[in-house]
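Q: So here's target19.txt, just compact mmCIF, C-alpha atoms:
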```txt
# COMPACT_ATOMS: atom_id res chain seq x y z
CA MET A 1 78.66 151.84 -70.52
CA MET A 2 82.18 153.03 -69.82
CA ASN A 3 82.81 156.39 -71.39
CA ARG A 4 85.66 156.97 -73.82
CA PRO A 5 88.05 158.89 -71.44
CA LEU A 6 87.81 156.12 -68.85
CA ARG A 7 88.56 153.46 -71.46
CA ARG A 8 91.59 155.45 -72.61
CA ARG A 9 92.82 155.83 -69.03
CA GLY A 10 92.44 152.10 -68.43
CA ALA A 11 94.41 151.32 -71.58
CA VAL A 12 97.20 153.67 -70.53
CA ILE A 13 97.39 152.04 -67.08
CA ALA A 14 97.48 148.59 -68.64
CA LEU A 15 100.28 149.57 -71.01
CA ALA A 16 102.25 151.15 -68.17
CA ALA A 17 101.88 148.00 -66.07
CA LEU A 18 103.01 145.87 -69.01
CA ALA A 19 106.07 148.10 -69.53
CA LEU A 20 107.01 147.89 -65.85
CA PHE A 21 106.61 144.13 -65.90
CA THR A 22 108.63 143.73 -69.08
CA LEU A 23 111.41 146.21 -68.34
CA GLY A 24 111.54 146.01 -64.57
CA VAL A 25 112.29 142.31 -64.16
CA PRO A 26 115.61 141.92 -62.32
CA ALA A 27 118.44 140.43 -64.38
CA SER A 28 118.62 137.42 -62.05
CA ALA A 29 114.92 136.61 -62.59
CA ALA A 30 115.33 136.81 -66.35
CA GLY A 31 118.43 134.64 -66.29
CA ARG A 32 120.76 137.51 -67.22
CA THR A 33 123.44 137.24 -64.52
CA ASP A 34 126.48 138.25 -66.54
CA HIS A 35 126.55 141.74 -64.99
CA GLN A 36 125.11 140.84 -61.61
CA LYS A 37 127.16 142.12 -58.69
CA PRO A 38 128.15 139.27 -56.38
CA THR A 39 126.94 139.11 -52.82
CA ILE A 40 129.78 139.81 -50.39
CA VAL A 41 129.78 137.47 -47.39
CA LEU A 42 132.06 138.59 -44.55
CA VAL A 43 133.22 136.05 -41.96
CA HIS A 44 134.72 137.33 -38.72
CA GLY A 45 137.47 135.63 -36.78
CA ALA A 46 138.03 134.63 -33.18
CA TRP A 47 137.73 137.13 -30.32
CA ALA A 48 135.42 139.25 -32.49
CA ASP A 49 131.91 139.25 -33.96
CA ALA A 50 130.15 140.43 -37.12
CA SER A 51 130.28 144.06 -35.97
CA SER A 52 134.03 144.03 -36.64
CA TRP A 53 133.09 144.46 -40.32
CA SER A 54 130.88 147.52 -39.76
CA LYS A 55 133.15 150.06 -41.47
CA VAL A 56 133.65 147.75 -44.44
CA THR A 57 129.98 146.82 -44.70
CA GLY A 58 128.79 150.41 -45.00
CA ARG A 59 131.28 151.29 -47.71
CA LEU A 60 130.40 148.21 -49.77
CA GLN A 61 126.69 148.95 -49.46
CA GLU A 62 127.29 152.49 -50.71
CA LEU A 63 128.87 150.90 -53.80
CA GLY A 64 125.70 148.91 -54.42
CA TYR A 65 126.77 145.51 -53.12
CA THR A 66 124.57 143.18 -51.13
CA VAL A 67 126.56 142.41 -47.98
CA LEU A 68 126.01 139.73 -45.35
CA ALA A 69 128.19 139.54 -42.22
CA ALA A 70 127.83 135.90 -41.29
CA PRO A 71 127.91 134.70 -37.69
CA ASN A 72 130.81 132.42 -36.83
CA PRO A 73 130.16 130.07 -33.89
CA LEU A 74 133.89 129.65 -33.00
CA ARG A 75 133.19 126.15 -31.66
CA GLY A 76 135.24 123.98 -34.02
CA LEU A 77 136.66 124.33 -37.52
CA GLY A 78 134.60 121.57 -39.13
CA GLY A 79 131.39 122.65 -37.42
CA ASP A 80 131.99 126.34 -38.13
CA ALA A 81 132.59 125.58 -41.81
CA ALA A 82 129.40 123.50 -41.96
CA TYR A 83 127.49 126.37 -40.34
CA LEU A 84 128.81 128.77 -42.99
CA SER A 85 127.94 126.32 -45.76
CA ALA A 86 124.34 126.19 -44.54
CA PHE A 87 124.27 130.00 -44.29
CA LEU A 88 125.47 130.35 -47.89
CA ALA A 89 122.97 127.81 -49.18
CA GLN A 90 119.99 129.46 -47.50
CA ARG A 91 120.82 133.17 -47.48
CA THR A 92 122.50 133.78 -50.83
CA SER A 93 121.73 133.26 -54.50
CA GLY A 94 123.92 134.03 -57.46
CA PRO A 95 127.67 134.70 -57.33
CA VAL A 96 129.36 135.14 -53.95
CA VAL A 97 132.68 136.59 -52.86
CA LEU A 98 133.63 135.03 -49.54
CA VAL A 99 135.80 137.10 -47.20
CA GLY A 100 137.49 135.81 -44.05
CA HIS A 101 139.40 137.59 -41.31
CA SER A 102 141.89 135.79 -39.05
CA TYR A 103 140.42 132.39 -38.02
CA GLY A 104 137.53 133.21 -40.38
CA GLY A 105 139.99 132.62 -43.21
CA ALA A 106 140.29 128.98 -42.16
CA VAL A 107 136.51 128.71 -42.06
CA VAL A 108 136.05 130.08 -45.60
CA THR A 109 138.89 127.86 -46.81
CA ASN A 110 136.89 124.83 -45.67
CA ALA A 111 133.39 126.04 -46.58
CA ALA A 112 133.84 127.63 -50.00
CA ALA A 113 134.15 124.42 -51.99
CA THR A 114 130.71 123.28 -50.82
CA ASP A 115 128.92 126.03 -52.75
CA PRO A 116 129.43 126.43 -56.52
CA ASP A 117 128.22 130.04 -56.30
CA VAL A 118 131.40 131.08 -54.46
CA LYS A 119 133.54 132.66 -57.18
CA ALA A 120 136.41 134.21 -55.21
CA LEU A 121 138.05 134.24 -51.79
CA VAL A 122 139.44 137.23 -49.93
CA TYR A 123 141.73 136.81 -46.92
CA VAL A 124 142.16 139.76 -44.56
CA ASN A 125 144.99 139.17 -42.06
CA ALA A 126 143.73 135.61 -42.26
CA PHE A 127 144.68 131.98 -41.97
CA ALA A 128 144.63 130.08 -45.26
CA PRO A 129 145.57 126.56 -44.11
CA ASP A 130 146.43 123.63 -46.29
CA GLN A 131 144.90 120.23 -45.67
CA GLY A 132 145.93 118.79 -42.30
CA GLU A 133 147.27 122.07 -40.90
CA THR A 134 145.98 123.58 -37.65
CA ILE A 135 145.82 127.18 -36.47
CA LEU A 136 148.10 126.54 -33.50
CA GLY A 137 150.44 124.54 -35.69
CA LEU A 138 150.77 127.37 -38.18
CA GLN A 139 151.49 129.72 -35.29
CA GLY A 140 154.29 127.45 -34.15
CA GLY A 141 152.60 126.01 -31.07
CA GLY A 142 153.87 127.62 -27.90
CA ASP A 143 152.31 127.99 -24.48
CA PRO A 144 148.65 129.11 -24.80
CA SER A 145 148.61 130.25 -21.16
CA ALA A 146 150.97 133.12 -22.01
CA LEU A 147 148.44 134.63 -24.40
CA PHE A 148 145.05 133.38 -23.21
CA ASP A 149 142.80 133.35 -20.21
CA VAL A 150 141.17 129.94 -19.97
CA VAL A 151 137.50 129.39 -19.06
CA GLY A 152 135.70 126.06 -18.89
CA TYR A 153 132.33 125.78 -20.63
CA PRO A 154 129.37 123.44 -20.03
CA GLY A 155 129.43 120.22 -22.02
CA ALA A 156 133.05 120.63 -23.11
CA PRO A 157 134.87 117.51 -24.30
CA ALA A 158 137.65 116.40 -21.98
CA GLY A 159 140.48 118.94 -22.06
CA ASP A 160 138.64 121.56 -24.09
CA VAL A 161 138.20 125.14 -22.86
CA ASP A 162 137.23 128.58 -24.11
CA LEU A 163 140.14 130.93 -24.81
CA TYR A 164 140.09 134.70 -24.28
CA ILE A 165 143.03 136.93 -25.17
CA LYS A 166 144.41 138.45 -21.97
CA PRO A 167 143.19 142.05 -21.62
CA ALA A 168 146.76 143.26 -21.09
CA VAL A 169 147.87 141.57 -24.33
CA PHE A 170 144.89 142.40 -26.55
CA PRO A 171 145.59 146.08 -27.37
CA GLN A 172 149.11 145.63 -28.71
CA ALA A 173 148.72 142.17 -30.25
CA PHE A 174 145.30 142.69 -31.79
CA ALA A 175 144.68 146.40 -32.18
CA GLY A 176 148.00 148.23 -32.11
CA ASP A 177 146.92 151.00 -34.49
CA LEU A 178 143.52 151.71 -32.91
CA PRO A 179 142.87 154.24 -30.13
CA ALA A 180 143.56 152.85 -26.66
CA ALA A 181 139.93 153.29 -25.60
CA THR A 182 138.72 151.38 -28.66
CA ALA A 183 141.19 148.56 -28.06
CA ALA A 184 140.11 148.31 -24.42
CA ARG A 185 136.45 148.14 -25.43
CA LEU A 186 137.14 145.41 -27.99
CA ALA A 187 139.10 143.44 -25.40
CA ALA A 188 136.13 143.61 -23.04
CA GLU A 189 133.66 142.54 -25.75
CA GLN A 190 135.68 139.68 -27.26
CA ARG A 191 133.99 136.35 -28.02
CA PRO A 192 136.00 133.26 -27.12
CA ILE A 193 137.04 130.39 -29.34
CA THR A 194 137.54 126.84 -28.17
CA LEU A 195 141.03 125.41 -27.84
CA SER A 196 139.87 122.42 -29.90
CA ALA A 197 139.00 124.72 -32.83
CA LEU A 198 142.60 125.91 -32.97
CA GLN A 199 143.84 122.31 -32.84
CA GLU A 200 141.50 120.83 -35.47
CA PRO A 201 143.14 119.85 -38.78
CA SER A 202 141.86 121.73 -41.81
CA GLY A 203 140.23 119.99 -44.75
CA ALA A 204 140.84 120.31 -48.47
CA PRO A 205 141.49 124.02 -49.18
CA ALA A 206 139.21 125.92 -51.55
CA TRP A 207 142.10 128.22 -52.52
CA LYS A 208 143.47 125.42 -54.66
CA THR A 209 140.51 125.75 -57.02
CA LEU A 210 139.30 129.34 -56.55
CA PRO A 211 141.01 132.67 -57.26
CA SER A 212 141.98 134.51 -54.10
CA TRP A 213 143.08 137.91 -52.86
CA TYR A 214 145.05 138.51 -49.68
CA LEU A 215 145.45 141.67 -47.63
CA VAL A 216 148.56 141.52 -45.41
CA GLY A 217 148.68 143.75 -42.34
CA THR A 218 152.37 144.47 -41.96
CA GLU A 219 151.95 145.64 -38.33
CA ASP A 220 149.96 142.60 -37.21
CA GLY A 221 150.99 141.57 -33.70
CA ILE A 222 149.16 138.25 -33.54
CA LEU A 223 149.41 136.73 -37.04
CA PRO A 224 152.97 137.39 -38.21
CA PRO A 225 153.13 139.20 -41.56
CA SER A 226 155.75 136.70 -42.75
CA LEU A 227 153.27 133.85 -42.17
CA GLN A 228 150.54 135.81 -43.92
CA LEU A 229 152.79 136.20 -46.97
CA THR A 230 153.75 132.53 -46.92
CA MET A 231 150.10 131.47 -46.96
CA ALA A 232 149.17 134.07 -49.59
CA ASN A 233 151.98 133.08 -51.94
CA ARG A 234 151.21 129.39 -51.51
CA ALA A 235 147.60 130.08 -52.50
CA HIS A 236 148.76 132.20 -55.48
CA SER A 237 146.70 135.05 -54.07
CA LYS A 238 146.85 138.58 -55.39
CA VAL A 239 148.60 140.31 -52.47
CA THR A 240 148.13 143.81 -51.07
CA GLU A 241 150.30 144.92 -48.16
CA ILE A 242 149.23 147.76 -45.88
CA ALA A 243 150.60 149.18 -42.65
CA ALA A 244 147.86 147.89 -40.35
CA SER A 245 147.30 145.87 -37.20
CA HIS A 246 145.43 142.58 -37.02
CA LEU A 247 142.16 144.54 -37.13
CA SER A 248 142.86 146.16 -40.49
CA MET A 249 139.16 146.26 -41.35
CA LEU A 250 138.69 148.72 -38.47
CA SER A 251 141.89 150.74 -38.84
CA ARG A 252 142.15 150.70 -42.67
CA PRO A 253 138.63 149.88 -43.91
CA GLN A 254 139.00 151.51 -47.33
CA ALA A 255 142.05 149.40 -48.14
CA VAL A 256 140.06 146.29 -47.23
CA VAL A 257 137.13 147.46 -49.37
CA ASP A 258 139.44 148.07 -52.34
CA VAL A 259 140.69 144.47 -52.22
CA ILE A 260 137.17 143.05 -51.89
CA VAL A 261 135.94 145.15 -54.81
CA ALA A 262 138.83 143.95 -56.96
CA ALA A 263 137.82 140.37 -56.24
CA ALA A 264 134.15 141.15 -56.87
CA ARG A 265 134.81 142.79 -60.23
CA SER A 266 136.81 139.81 -61.39
CA SER A 267 134.11 137.35 -60.43
CA ARG A 268 131.24 138.68 -62.57
```
Output the file's structure in the form of C-alpha cells.

A:
Amino acid sequence: MMNRPLRRRGAVIALAALALFTLGVPASAAGRTDHQKPTIVLVHGAWADASSWSKVTGRLQELGYTVLAAPNPLRGLGGDAAYLSAFLAQRTSGPVVLVGHSYGGAVVTNAAATDPDVKALVYVNAFAPDQGETILGLQGGGDPSALFDVVGYPGAPAGDVDLYIKPAVFPQAFAGDLPAATAARLAAEQRPITLSALQEPSGAPAWKTLPSWYLVGTEDGILPPSLQLTMANRAHSKVTEIAASHLSMLSRPQAVVDVIVAAARSSR
C-alpha cells in the first residue's frame, strides 16, 4: 500500500498540475483575445529583402510583439499580394498589423482585405495606390533606363525584364542618410523587381476600409515626400514626418517602431 507521505505528495502534484492547466491557458486558447497583442507582419519593398527590417524587428520583439518579416517575391503586384495573403492565412492567427515599405505598401494595400484578421495598415515611405493606379504611373513615368540597369530573366513575358537600381544612383536616391559603406553594400545586395510589377494596375485598396498610419521620410530621394503625403492624406492615415531617407527603417528605426506600436495599440 502507498504510504501517507507519498499519497500527500501525489495530491500536491495533481493540484499543482490542475492550477497550471487552469491558470496557464493562453488568452487566445480560452477565447479571451481582447488584450492580445497583434502579430506585426513586415513586408519589404523592391531592391531589398526581409533583412531590411532587422532593426525594427528586434525592437518590436523586445516590446513583446510577435513579428514576422514576410518574403516578397517582387514578380508582379497581383501575384505578390496573393503570396502575402497565403502567408497571412497560414502563418498568423489573431489580430494582425500589416506594415509595408516602398513597393511593399502596394502589396499590403492589395492583400489586406483578403484576411479579416488584419486590423490596421502601416505605410513606411510606401506606395498606397488607389484602384487602377500603377507604381510607375504614380512616379510620373519617365525613362526607366536613367534609373535602372536592365537584366533579362528566364521565362519572362515579352518585353518584361528585371530592374536593378544603378549602383551610382542607389546611395543618394535610396540611402542618403546611411553611411557610404552601408549604402554601397545594400546596392550590391539588392533584389530586383520586374518591370511588369511596376506597370500592373492596383486592385481595390484596403486603406478605404481599414485604419492606417503613414510614416513620411522627408529626405526620401526615390519616393517624393510630396507624393507620400498625397497618398497618406487620401487614405486618411495618421501621418508622422521624420527627416529620413527612403530606408527610414534602417536610419530611424525607433521612429518606425513608434508608429507601428501606435497602430498596434489601437487595434486591440

Q: Closest to Ala112 in chain A among A:Gln190, A:Gln90, A:Ser54, A:Ser85, using all atoms listed in the file?

A: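 Distance minimum relative to Ala112 in chain A lands on A:Ser85.
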
Q: Would you tabulate, counting all atoms listed in the file, all residues of range 60-109 of chain A that have an atom at most 12 Å from an atom of range 224-243 of chain A, showing the closest pair of atoms and their distance in Å to one decimal, sorted by chain then ascending number, as a Markdown table?

A:
```
| residue | atom | partner | partner_atom | distance |
| --- | --- | --- | --- | --- |
| A:His101 | CA | A:Gln228 | CA | 11.6 |
| A:Ser102 | CA | A:Gln228 | CA | 9.9 |
| A:Gly105 | CA | A:Met231 | CA | 10.8 |
| A:Ala106 | CA | A:Met231 | CA | 11.2 |
| A:Thr109 | CA | A:Ala235 | CA | 10.6 |
```

Q: Point out the residue among A:Arg252, A:Arg91, A:Arg59, A:Lys119 with the least atom-to-atom distance to Ala264 in chain A, counting all atoms listed in the file.

A: A:Lys119

Q: Could you give me, as a ChimeraX atom specification, the residues within 12 Å of Asn72 in chain A, counting only C-alpha atoms and dropping anything in the same chain fewer than 3 positions from it?

A: /A:41-51,69,75-87,100-108,111,191-193,197

Q: Considering only C-alpha atoms, can you say which of A:Ser251, A:Gln139, A:Ser212, A:Gln172 comes closest to Leu198 in chain A?

A: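 Checking each of A:Ser251, A:Gln139, A:Ser212, A:Gln172 against Leu198 in chain A, counting only C-alpha atoms, the winner is A:Gln139.
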
Q: Considering only C-alpha atoms, state which residue in the set A:Val99, A:Ala255, A:Val122, A:Ala156 is at the smallest distance from Pro211 in chain A.

A: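 Under the stated criterion, the closest residue is A:Val122.
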
Q: For Ser245 in chain A, which residue out of A:Glu200, A:Asp177, A:Glu189, A:Asp130 is the nearest one, using all atoms listed in the file?

A: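 Nearest to Ser245 in chain A: A:Asp177.
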
Q: With distances taken over all atoms listed in the file, which residue among A:Ala113, A:Ala244, A:Leu138, A:Leu210 lies nearest Gly176 in chain A?

A: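 Ranked by minimum distance to Gly176 in chain A, first place goes to A:Ala244.
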
Q: When you draw a straight line from CA of Pro73 in chain A to CA of Lys55 in chain A, how long is it in Å?

A: 21.6 Å

Q: What is the distance, in Å and to one decimal place, between CA of Pro38 in chain A and CA of Thr209 in chain A?

A: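 Value for the CA of Pro38 in chain A-CA of Thr209 in chain A distance: 18.3 Å.
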
Q: So how many Å separate CA of Val124 in chain A and CA of Thr66 in chain A, to one decimal?

A: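 So the answer is 19.1 Å.
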